[in-house]
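Shown here: query_39.tsv, TSV, C-alpha atoms.
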chain	number	residue	atom	x	y	z
A	1	MET	CA	-11.16	35.92	-8.25
A	2	ASN	CA	-11.77	39.17	-10.20
A	3	ASN	CA	-9.51	42.21	-10.12
A	4	GLN	CA	-11.77	44.15	-7.75
A	5	SER	CA	-11.84	41.43	-5.11
A	6	ALA	CA	-8.08	40.92	-5.51
A	7	LEU	CA	-7.56	44.62	-4.92
A	8	LYS	CA	-9.68	44.42	-1.79
A	9	PHE	CA	-7.78	41.38	-0.57
A	10	TRP	CA	-4.43	43.11	-0.89
A	11	GLY	CA	-5.69	46.20	0.94
A	12	GLY	CA	-6.51	48.55	-1.92
A	13	GLY	CA	-8.95	51.44	-2.13
A	14	ASN	CA	-11.98	51.66	0.10
A	15	ILE	CA	-11.88	48.21	1.61
A	16	MET	CA	-12.92	49.39	5.05
A	17	SER	CA	-15.88	51.38	3.72
A	18	ASP	CA	-17.10	48.48	1.58
A	19	PHE	CA	-16.39	45.79	4.18
A	20	ASN	CA	-19.47	43.81	5.28
A	21	TYR	CA	-18.96	42.63	8.84
A	22	LEU	CA	-21.99	40.33	8.67
A	23	ASP	CA	-20.71	38.58	5.52
A	24	PRO	CA	-16.98	39.39	5.31
A	25	PHE	CA	-16.27	36.76	2.66
A	26	GLN	CA	-17.96	38.85	-0.04
A	27	SER	CA	-15.03	41.27	0.05
A	28	PHE	CA	-12.24	39.22	1.63
A	29	THR	CA	-11.18	35.98	-0.12
A	30	VAL	CA	-7.95	34.08	-0.65
A	31	PRO	CA	-7.22	32.99	-4.26
A	32	LEU	CA	-6.19	29.47	-3.25
A	33	GLY	CA	-7.35	27.92	-6.52
A	34	ALA	CA	-5.25	30.33	-8.56
A	35	TRP	CA	-2.20	29.64	-6.39
A	36	VAL	CA	-2.57	25.86	-6.78
A	37	ASP	CA	-3.06	26.19	-10.53
A	38	ALA	CA	0.03	28.39	-10.84
A	39	ALA	CA	2.10	25.96	-8.74
A	40	LEU	CA	1.07	22.94	-10.84
A	41	THR	CA	1.75	24.82	-14.06
A	42	TYR	CA	5.22	25.75	-12.79
A	43	LEU	CA	5.97	22.16	-11.80
A	44	VAL	CA	4.82	20.76	-15.15
A	45	HIS	CA	6.93	23.20	-17.15
A	46	HIS	CA	10.13	23.09	-15.08
A	47	PHE	CA	10.24	19.57	-13.60
A	48	ARG	CA	8.96	17.42	-16.44
A	49	GLU	CA	12.11	15.30	-16.52
A	50	VAL	CA	11.94	14.74	-12.76
A	51	PHE	CA	8.43	13.32	-13.03
A	52	ARG	CA	9.49	11.13	-15.94
A	53	SER	CA	12.32	9.80	-13.78
A	54	ILE	CA	9.86	9.00	-10.99
A	55	ARG	CA	7.54	7.30	-13.45
A	56	TRP	CA	10.21	5.03	-15.00
A	57	PRO	CA	10.94	2.62	-12.07
A	58	VAL	CA	7.23	2.29	-11.29
A	59	ASP	CA	6.57	1.44	-14.93
A	60	GLN	CA	9.32	-1.19	-15.02
A	61	VAL	CA	8.25	-2.90	-11.79
A	62	LEU	CA	4.58	-2.86	-12.77
A	63	ASP	CA	5.28	-4.33	-16.21
A	64	GLY	CA	7.42	-7.08	-14.70
A	65	ILE	CA	4.89	-8.09	-12.05
A	66	GLN	CA	1.96	-7.92	-14.48
A	67	TRP	CA	3.81	-10.00	-17.07
A	68	GLY	CA	4.71	-12.58	-14.43
A	69	LEU	CA	1.17	-12.90	-13.08
A	70	LEU	CA	-0.44	-13.12	-16.51
A	71	SER	CA	2.11	-15.61	-17.86
A	72	VAL	CA	1.49	-18.16	-15.08
A	73	PRO	CA	-1.39	-20.56	-15.89
A	74	PRO	CA	-4.31	-20.15	-13.47
A	75	THR	CA	-4.06	-23.73	-12.18
A	76	VAL	CA	-0.36	-23.35	-11.39
A	77	PHE	CA	-0.98	-19.99	-9.73
A	78	ILE	CA	-3.76	-21.42	-7.54
A	79	ILE	CA	-1.56	-24.35	-6.46
A	80	ILE	CA	1.34	-22.02	-5.61
A	81	ALA	CA	-0.99	-19.70	-3.68
A	82	GLY	CA	-2.40	-22.68	-1.78
A	83	LEU	CA	1.09	-23.88	-0.82
A	84	ILE	CA	2.06	-20.37	0.31
A	85	GLY	CA	-1.13	-20.13	2.33
A	86	TRP	CA	-0.43	-23.50	3.93
A	87	GLN	CA	3.13	-22.48	4.79
A	88	ILE	CA	2.08	-19.13	6.27
A	89	GLY	CA	-1.24	-19.87	7.95
A	90	GLY	CA	-1.89	-23.60	7.87
A	91	LYS	CA	-4.33	-25.77	5.95
A	92	ARG	CA	-7.31	-23.51	6.64
A	93	ILE	CA	-5.67	-20.54	4.90
A	94	ALA	CA	-4.55	-22.83	2.08
A	95	ILE	CA	-8.11	-24.05	1.44
A	96	PHE	CA	-9.45	-20.50	1.71
A	97	SER	CA	-6.87	-19.20	-0.78
A	98	ILE	CA	-7.66	-21.94	-3.28
A	99	ALA	CA	-11.41	-21.32	-2.93
A	100	THR	CA	-11.22	-17.54	-3.44
A	101	LEU	CA	-8.87	-17.74	-6.41
A	102	THR	CA	-10.98	-20.48	-7.98
A	103	GLY	CA	-13.97	-18.20	-7.57
A	104	LEU	CA	-12.17	-15.48	-9.53
A	105	GLY	CA	-11.67	-17.89	-12.39
A	106	LEU	CA	-15.21	-19.25	-12.31
A	107	ILE	CA	-16.82	-15.80	-12.67
A	108	GLY	CA	-14.58	-15.01	-15.63
A	109	VAL	CA	-12.43	-12.17	-14.24
A	110	TRP	CA	-9.08	-13.91	-13.88
A	111	ALA	CA	-7.12	-11.65	-16.27
A	112	ASP	CA	-8.61	-8.45	-14.82
A	113	ALA	CA	-7.94	-9.74	-11.29
A	114	MET	CA	-4.28	-10.35	-12.16
A	115	VAL	CA	-3.98	-6.79	-13.51
A	116	THR	CA	-5.48	-5.43	-10.27
A	117	LEU	CA	-3.21	-7.69	-8.22
A	118	ALA	CA	-0.17	-6.41	-10.15
A	119	LEU	CA	-1.19	-2.81	-9.42
A	120	VAL	CA	-1.68	-3.57	-5.72
A	121	LEU	CA	1.59	-5.49	-5.35
A	122	THR	CA	3.54	-2.76	-7.14
A	123	SER	CA	2.13	-0.06	-4.90
A	124	LEU	CA	2.72	-2.25	-1.84
A	125	LEU	CA	6.36	-2.77	-2.81
A	126	PHE	CA	7.03	0.95	-3.14
A	127	CYS	CA	5.05	1.68	0.03
A	128	ALA	CA	7.32	-0.74	1.89
A	129	VAL	CA	10.46	0.84	0.40
A	130	ILE	CA	9.27	4.30	1.47
A	131	GLY	CA	7.23	3.57	4.59
A	132	ILE	CA	9.44	1.19	6.58
A	133	PRO	CA	12.62	3.34	6.49
A	134	LEU	CA	10.57	6.47	7.22
A	135	GLY	CA	8.89	4.71	10.15
A	136	ILE	CA	12.30	3.67	11.49
A	137	LEU	CA	13.52	7.27	11.26
A	138	CYS	CA	10.43	8.46	13.13
A	139	ALA	CA	11.01	5.87	15.84
A	140	ARG	CA	14.62	6.95	16.28
A	141	SER	CA	13.96	10.72	16.24
A	142	ASP	CA	11.15	12.54	18.03
A	143	ARG	CA	11.83	15.60	15.89
A	144	MET	CA	11.32	13.60	12.71
A	145	GLU	CA	8.05	12.22	14.09
A	146	VAL	CA	6.82	15.75	14.85
A	147	ILE	CA	7.60	16.77	11.26
A	148	VAL	CA	6.12	13.69	9.58
A	149	ARG	CA	2.96	13.32	11.71
A	150	PRO	CA	1.02	16.32	10.27
A	151	VAL	CA	1.94	15.22	6.74
A	152	LEU	CA	0.54	11.75	7.42
A	153	ASP	CA	-2.58	13.29	8.99
A	154	ALA	CA	-3.17	15.35	5.84
A	155	MET	CA	-2.57	12.34	3.58
A	156	GLN	CA	-5.12	10.25	5.47
A	157	THR	CA	-7.67	13.06	5.81
A	158	LEU	CA	-7.88	14.19	2.20
A	159	PRO	CA	-10.55	12.40	0.10
A	160	ALA	CA	-9.25	9.91	-2.40
A	161	PHE	CA	-10.56	11.87	-5.38
A	162	VAL	CA	-8.46	14.93	-4.43
A	163	TYR	CA	-5.25	13.09	-5.34
A	164	LEU	CA	-6.34	12.37	-8.89
A	165	VAL	CA	-6.18	15.88	-10.40
A	166	PRO	CA	-2.57	16.80	-9.52
A	167	VAL	CA	-1.34	13.30	-10.39
A	168	VAL	CA	-3.01	13.48	-13.81
A	169	MET	CA	-1.44	16.89	-14.47
A	170	LEU	CA	2.02	15.74	-13.40
A	171	PHE	CA	2.12	12.12	-14.62
A	172	GLY	CA	-0.74	11.73	-17.11
A	173	ILE	CA	-3.27	8.90	-17.13
A	174	GLY	CA	-2.96	5.12	-17.15
A	175	ASN	CA	-1.77	2.36	-14.86
A	176	VAL	CA	1.50	3.99	-13.76
A	177	PRO	CA	-0.11	7.25	-12.52
A	178	GLY	CA	-2.71	5.03	-10.83
A	179	VAL	CA	0.06	3.24	-8.93
A	180	ILE	CA	1.68	6.55	-7.96
A	181	VAL	CA	-1.56	7.98	-6.56
A	182	THR	CA	-2.15	4.68	-4.75
A	183	ILE	CA	1.30	4.89	-3.11
A	184	ILE	CA	0.60	8.42	-1.87
A	185	PHE	CA	-2.80	7.43	-0.55
A	186	SER	CA	-1.85	4.20	1.24
A	187	VAL	CA	1.69	4.62	2.61
A	188	ALA	CA	0.68	6.43	5.83
A	189	PRO	CA	-0.46	3.39	7.92
A	190	LEU	CA	2.80	1.57	7.28
A	191	VAL	CA	4.83	4.57	8.46
A	192	ARG	CA	2.70	4.99	11.58
A	193	LEU	CA	2.68	1.35	12.64
A	194	THR	CA	6.38	0.82	11.93
A	195	ASN	CA	7.09	3.76	14.20
A	196	LEU	CA	4.65	2.47	16.81
A	197	GLY	CA	5.95	-1.11	16.71
A	198	ILE	CA	9.58	-0.09	17.28
A	199	ARG	CA	8.65	2.33	20.07
A	200	GLN	CA	6.66	-0.40	21.83
A	201	VAL	CA	9.57	-2.85	22.02
A	202	PRO	CA	9.97	-3.65	25.75
A	203	ALA	CA	12.67	-1.60	27.42
A	204	ASP	CA	14.13	-4.65	29.17
A	205	LYS	CA	14.82	-6.29	25.79
A	206	VAL	CA	16.66	-3.20	24.60
A	207	GLU	CA	18.64	-2.97	27.84
A	208	ALA	CA	19.61	-6.64	27.64
A	209	ALA	CA	20.80	-6.20	24.05
A	210	CYS	CA	22.83	-3.15	25.08
A	211	ALA	CA	24.34	-5.12	27.96
A	212	PHE	CA	25.55	-7.76	25.49
A	213	GLY	CA	27.21	-5.07	23.38
A	214	CYS	CA	24.80	-4.75	20.45
A	215	THR	CA	25.55	-1.98	17.99
A	216	ALA	CA	22.75	0.30	16.78
A	217	THR	CA	22.41	-1.71	13.56
A	218	GLN	CA	22.34	-5.04	15.42
A	219	MET	CA	19.79	-3.63	17.85
A	220	LEU	CA	17.53	-2.63	14.97
A	221	LEU	CA	17.88	-5.78	12.85
A	222	LYS	CA	18.03	-8.46	15.55
A	223	VAL	CA	15.92	-7.01	18.38
A	224	GLN	CA	13.61	-4.15	17.45
A	225	LEU	CA	12.41	-5.18	13.98
A	226	PRO	CA	11.68	-8.84	14.92
A	227	LEU	CA	9.72	-7.78	18.01
A	228	ALA	CA	7.93	-5.04	16.05
A	229	ALA	CA	7.09	-7.37	13.16
A	230	PRO	CA	3.46	-8.15	14.23
A	231	THR	CA	2.62	-4.42	14.45
A	232	MET	CA	4.39	-3.76	11.15
A	233	MET	CA	2.41	-6.55	9.50
A	234	ALA	CA	-0.79	-4.90	10.69
A	235	GLY	CA	0.39	-1.74	8.95
A	236	LEU	CA	1.19	-3.73	5.84
A	237	ASN	CA	-2.32	-5.21	5.92
A	238	GLN	CA	-3.90	-1.76	6.18
A	239	THR	CA	-1.69	-0.45	3.38
A	240	LEU	CA	-2.69	-3.38	1.20
A	241	MET	CA	-6.42	-2.78	1.75
A	242	LEU	CA	-6.06	0.94	1.10
A	243	SER	CA	-4.13	0.18	-2.08
A	244	LEU	CA	-6.91	-2.08	-3.30
A	245	SER	CA	-9.58	0.53	-2.59
A	246	MET	CA	-7.57	3.29	-4.28
A	247	VAL	CA	-6.92	1.17	-7.37
A	248	VAL	CA	-10.69	1.04	-7.81
A	249	VAL	CA	-11.01	4.83	-7.45
A	250	ALA	CA	-8.08	5.32	-9.81
A	251	SER	CA	-10.03	3.57	-12.58
A	252	MET	CA	-11.38	7.09	-13.25
A	253	ILE	CA	-7.96	7.92	-14.77
A	254	SER	CA	-7.91	4.84	-17.03
A	255	VAL	CA	-6.37	2.36	-14.60
A	256	GLY	CA	-7.23	-1.13	-15.77
A	257	GLY	CA	-8.39	-4.20	-13.90
A	258	LEU	CA	-11.49	-4.93	-11.86
A	259	GLY	CA	-11.98	-1.28	-10.94
A	260	LEU	CA	-12.36	-0.32	-14.58
A	261	MET	CA	-14.89	-3.12	-14.99
A	262	VAL	CA	-16.97	-1.71	-12.12
A	263	LEU	CA	-16.70	1.84	-13.49
A	264	SER	CA	-17.69	0.72	-16.98
A	265	GLY	CA	-20.68	-1.15	-15.60
A	266	ILE	CA	-21.84	1.91	-13.66
A	267	GLY	CA	-21.36	4.17	-16.70
A	268	ARG	CA	-23.39	1.86	-18.95
A	269	LEU	CA	-25.97	1.05	-16.26
A	270	ASP	CA	-24.90	-2.57	-16.75
A	271	MET	CA	-25.57	-4.14	-13.37
A	272	ALA	CA	-24.26	-7.52	-14.48
A	273	LEU	CA	-20.83	-6.14	-15.42
A	274	ALA	CA	-20.58	-3.99	-12.29
A	275	SER	CA	-21.69	-6.87	-10.05
A	276	VAL	CA	-19.17	-9.30	-11.54
A	277	GLY	CA	-16.37	-6.76	-11.06
A	278	GLY	CA	-17.51	-6.03	-7.51
A	279	VAL	CA	-17.64	-9.70	-6.54
A	280	GLY	CA	-14.18	-10.16	-8.04
A	281	LEU	CA	-12.85	-7.29	-5.93
A	282	VAL	CA	-14.38	-8.79	-2.79
A	283	LEU	CA	-12.81	-12.20	-3.47
A	284	LEU	CA	-9.40	-10.66	-4.17
A	285	ALA	CA	-9.58	-8.41	-1.10
A	286	VAL	CA	-10.56	-11.26	1.21
A	287	PHE	CA	-7.78	-13.47	-0.18
A	288	LEU	CA	-5.12	-10.78	0.38
A	289	ASP	CA	-6.50	-9.82	3.79
A	290	ARG	CA	-6.50	-13.37	5.17
A	291	LEU	CA	-3.03	-14.03	3.77
A	292	THR	CA	-1.49	-10.92	5.32
A	293	GLN	CA	-3.24	-11.54	8.64
A	294	ALA	CA	-1.74	-15.02	8.68
A	295	MET	CA	1.67	-13.48	7.96
A	296	GLY	CA	1.20	-11.23	11.00
A	297	GLU	CA	0.39	-14.20	13.20
A	298	ARG	CA	3.37	-16.10	11.82
A	299	SER	CA	5.67	-13.15	12.57
A	300	SER	CA	4.49	-13.36	16.19
A	301	ASP	CA	5.49	-17.03	16.26
A	302	LEU	CA	8.88	-16.23	14.75
A	303	ALA	CA	9.44	-13.57	17.41
A	304	THR	CA	9.03	-16.29	20.05
A	305	GLY	CA	11.67	-18.49	18.43
A	306	GLN	CA	9.69	-20.86	16.19
A	307	ARG	CA	11.39	-21.47	12.85
A	308	TRP	CA	9.39	-20.93	9.67
A	309	TYR	CA	10.57	-24.18	8.05
A	310	GLU	CA	9.22	-26.36	10.88
A	311	THR	CA	5.58	-26.08	9.70
A	312	GLY	CA	3.61	-26.23	6.47
A	313	PRO	CA	4.70	-28.06	3.31
A	314	VAL	CA	8.35	-27.21	3.95
A	315	GLY	CA	8.13	-28.71	7.42
A	316	LEU	CA	6.42	-31.81	5.99
A	317	VAL	CA	9.23	-32.28	3.46
A	318	MET	CA	11.85	-31.83	6.19
A	319	LYS	CA	10.15	-34.45	8.41
A	320	LEU	CA	9.90	-36.94	5.55
A	321	LYS	CA	13.55	-36.38	4.71
A	322	LYS	CA	14.53	-36.89	8.35
A	323	LYS	CA	12.52	-40.14	8.56
A	324	LYS	CA	14.16	-41.36	5.37
A	325	ASN	CA	17.62	-40.66	6.77
A	326	VAL	CA	16.74	-42.52	10.00
A	327	ALA	CA	15.37	-45.53	8.09
A	328	HIS	CA	18.30	-45.61	5.67
A	329	PRO	CA	21.34	-44.18	7.44
A	330	VAL	CA	24.28	-43.21	5.29
A	331	THR	CA	27.28	-45.48	5.91
A	332	ASN	CA	30.85	-44.75	4.87
Would you write out, as structure tokens, the structure that this file holds?
Amino acid sequence: MNNQSALKFWGGGNIMSDFNYLDPFQSFTVPLGAWVDAALTYLVHHFREVFRSIRWPVDQVLDGIQWGLLSVPPTVFIIIAGLIGWQIGGKRIAIFSIATLTGLGLIGVWADAMVTLALVLTSLLFCAVIGIPLGILCARSDRMEVIVRPVLDAMQTLPAFVYLVPVVMLFGIGNVPGVIVTIIFSVAPLVRLTNLGIRQVPADKVEAACAFGCTATQMLLKVQLPLAAPTMMAGLNQTLMLSLSMVVVASMISVGGLGLMVLSGIGRLDMALASVGGVGLVLLAVFLDRLTQAMGERSSDLATGQRWYETGPVGLVMKLKKKKNVAHPVTN
């Protein structure tokens, strides 16, 4: 905004004589861009060490997860994922997990898929650390919910690209800033659904727990969170999908993985490269979605009293061990 328009905005000179009532915005504007630029400049110059401190734990967790995923041989990883899928969702989820991960290897994007998976898991971990406690606070305090709700609305309303510019100015470019912008973009559903799940716990359950003398901590850990687990898992699923979509958008700030493959293919007009990266993203997204949905269904079973070790490969091992003890009883 030039000096003349600034003078008019702050009430100088002949503003009323020059004011155009049919098009008032020619003479009356708010220098929002200048204010944002000044605020970011101030933050960069005076809080550089704070942003480095925020960046450090994200960098350490991301490096550890990425190293772990890339150091495991693909065959071993697929077998482990299949066993986890069997334990969580049964044989159908196990077969589906093995098929999707095998597809990632067959199209030649295994390493890039593991980088993307590391980015998503890192952001999901920090979203859980931030979102679940914040959701619990919102469920316990109506005042906190009133304060947090407009912030969550703004976070979910803003386009994904809007987050990139301030994050680049404050944290730079690369995988770690990509994780940070992904956390900001995708934490809102987990906060909302944690709050919703706890608030929807039946009142008779809470009253019964109070009648038996439960403390506030026991009420939360043994009654409210187990009964709210299916709703919280739905929030975790939404957060996971948003993280995956944002990791792709964040490839514009040099975030590696499948998103960068798609962006490079679009930039070079290489349809083969972009298509391979896109198919890899679809396979990874479907694998994570089905796995988290099965976890939500399993949490519903646990809420009704079924023990996790009674099904899946762990349950099979326990049954075989029990049969062996019956066939060959231990004698003193």
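With atom CA of A:Thr239 on one side and atom CA of A:Ala188 on the other, the separation reads 7.7 Å.
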Nearest to A:Tyr42 by atom-to-atom distance, counting all atoms listed in the file, from A:Val262, A:Ala209, A:Leu170, A:Leu291:
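Ranking A:Val262, A:Ala209, A:Leu170, A:Leu291 by distance to A:Tyr42, first place goes to A:Leu170.
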Please list as a count of residues only every residue within 10 Å of stretch 99-114 of chain A, counting only C-alpha atoms and excluding residues in the same chain fewer than 5 positions away.
35
Neighbour list for stretch 193-206 of chain A as a ChimeraX atom specification, cut-off 7 Å, only C-alpha atoms, skip fewer than 6 positions in-chain:
/A:132,135-136,138-139,224-225,227-228,231-232,235
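Nearest residue to A:Phe185 among A:Asn237, A:Ser275, A:Ser123, A:Thr292 is A:Ser123, counting all atoms listed in the file.
Note that atom CA of A:Ile180 and atom CA of A:Val247 are 10.2 Å apart.
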Find the spatial neighbours of A:Gly178, counting all atoms listed in the file, within a cut-off of 10 Å - ignore same-chain residues fewer than 3 positions away - and output them as JSON, numbers by chain.
{"A": [119, 123, 164, 167, 168, 171, 172, 173, 174, 175, 181, 182, 183, 246, 247, 248, 249, 250, 251, 252, 253, 254, 255, 256]}
6 Å per side around stretch 184-203 of chain A: axis-aligned box centre and edge lengths, as lines of an AutoDock Vina configuration file:
center_x = 4.9
center_y = 2.4
center_z = 12.8
size_x = 27.5
size_y = 24.1
size_z = 41.3
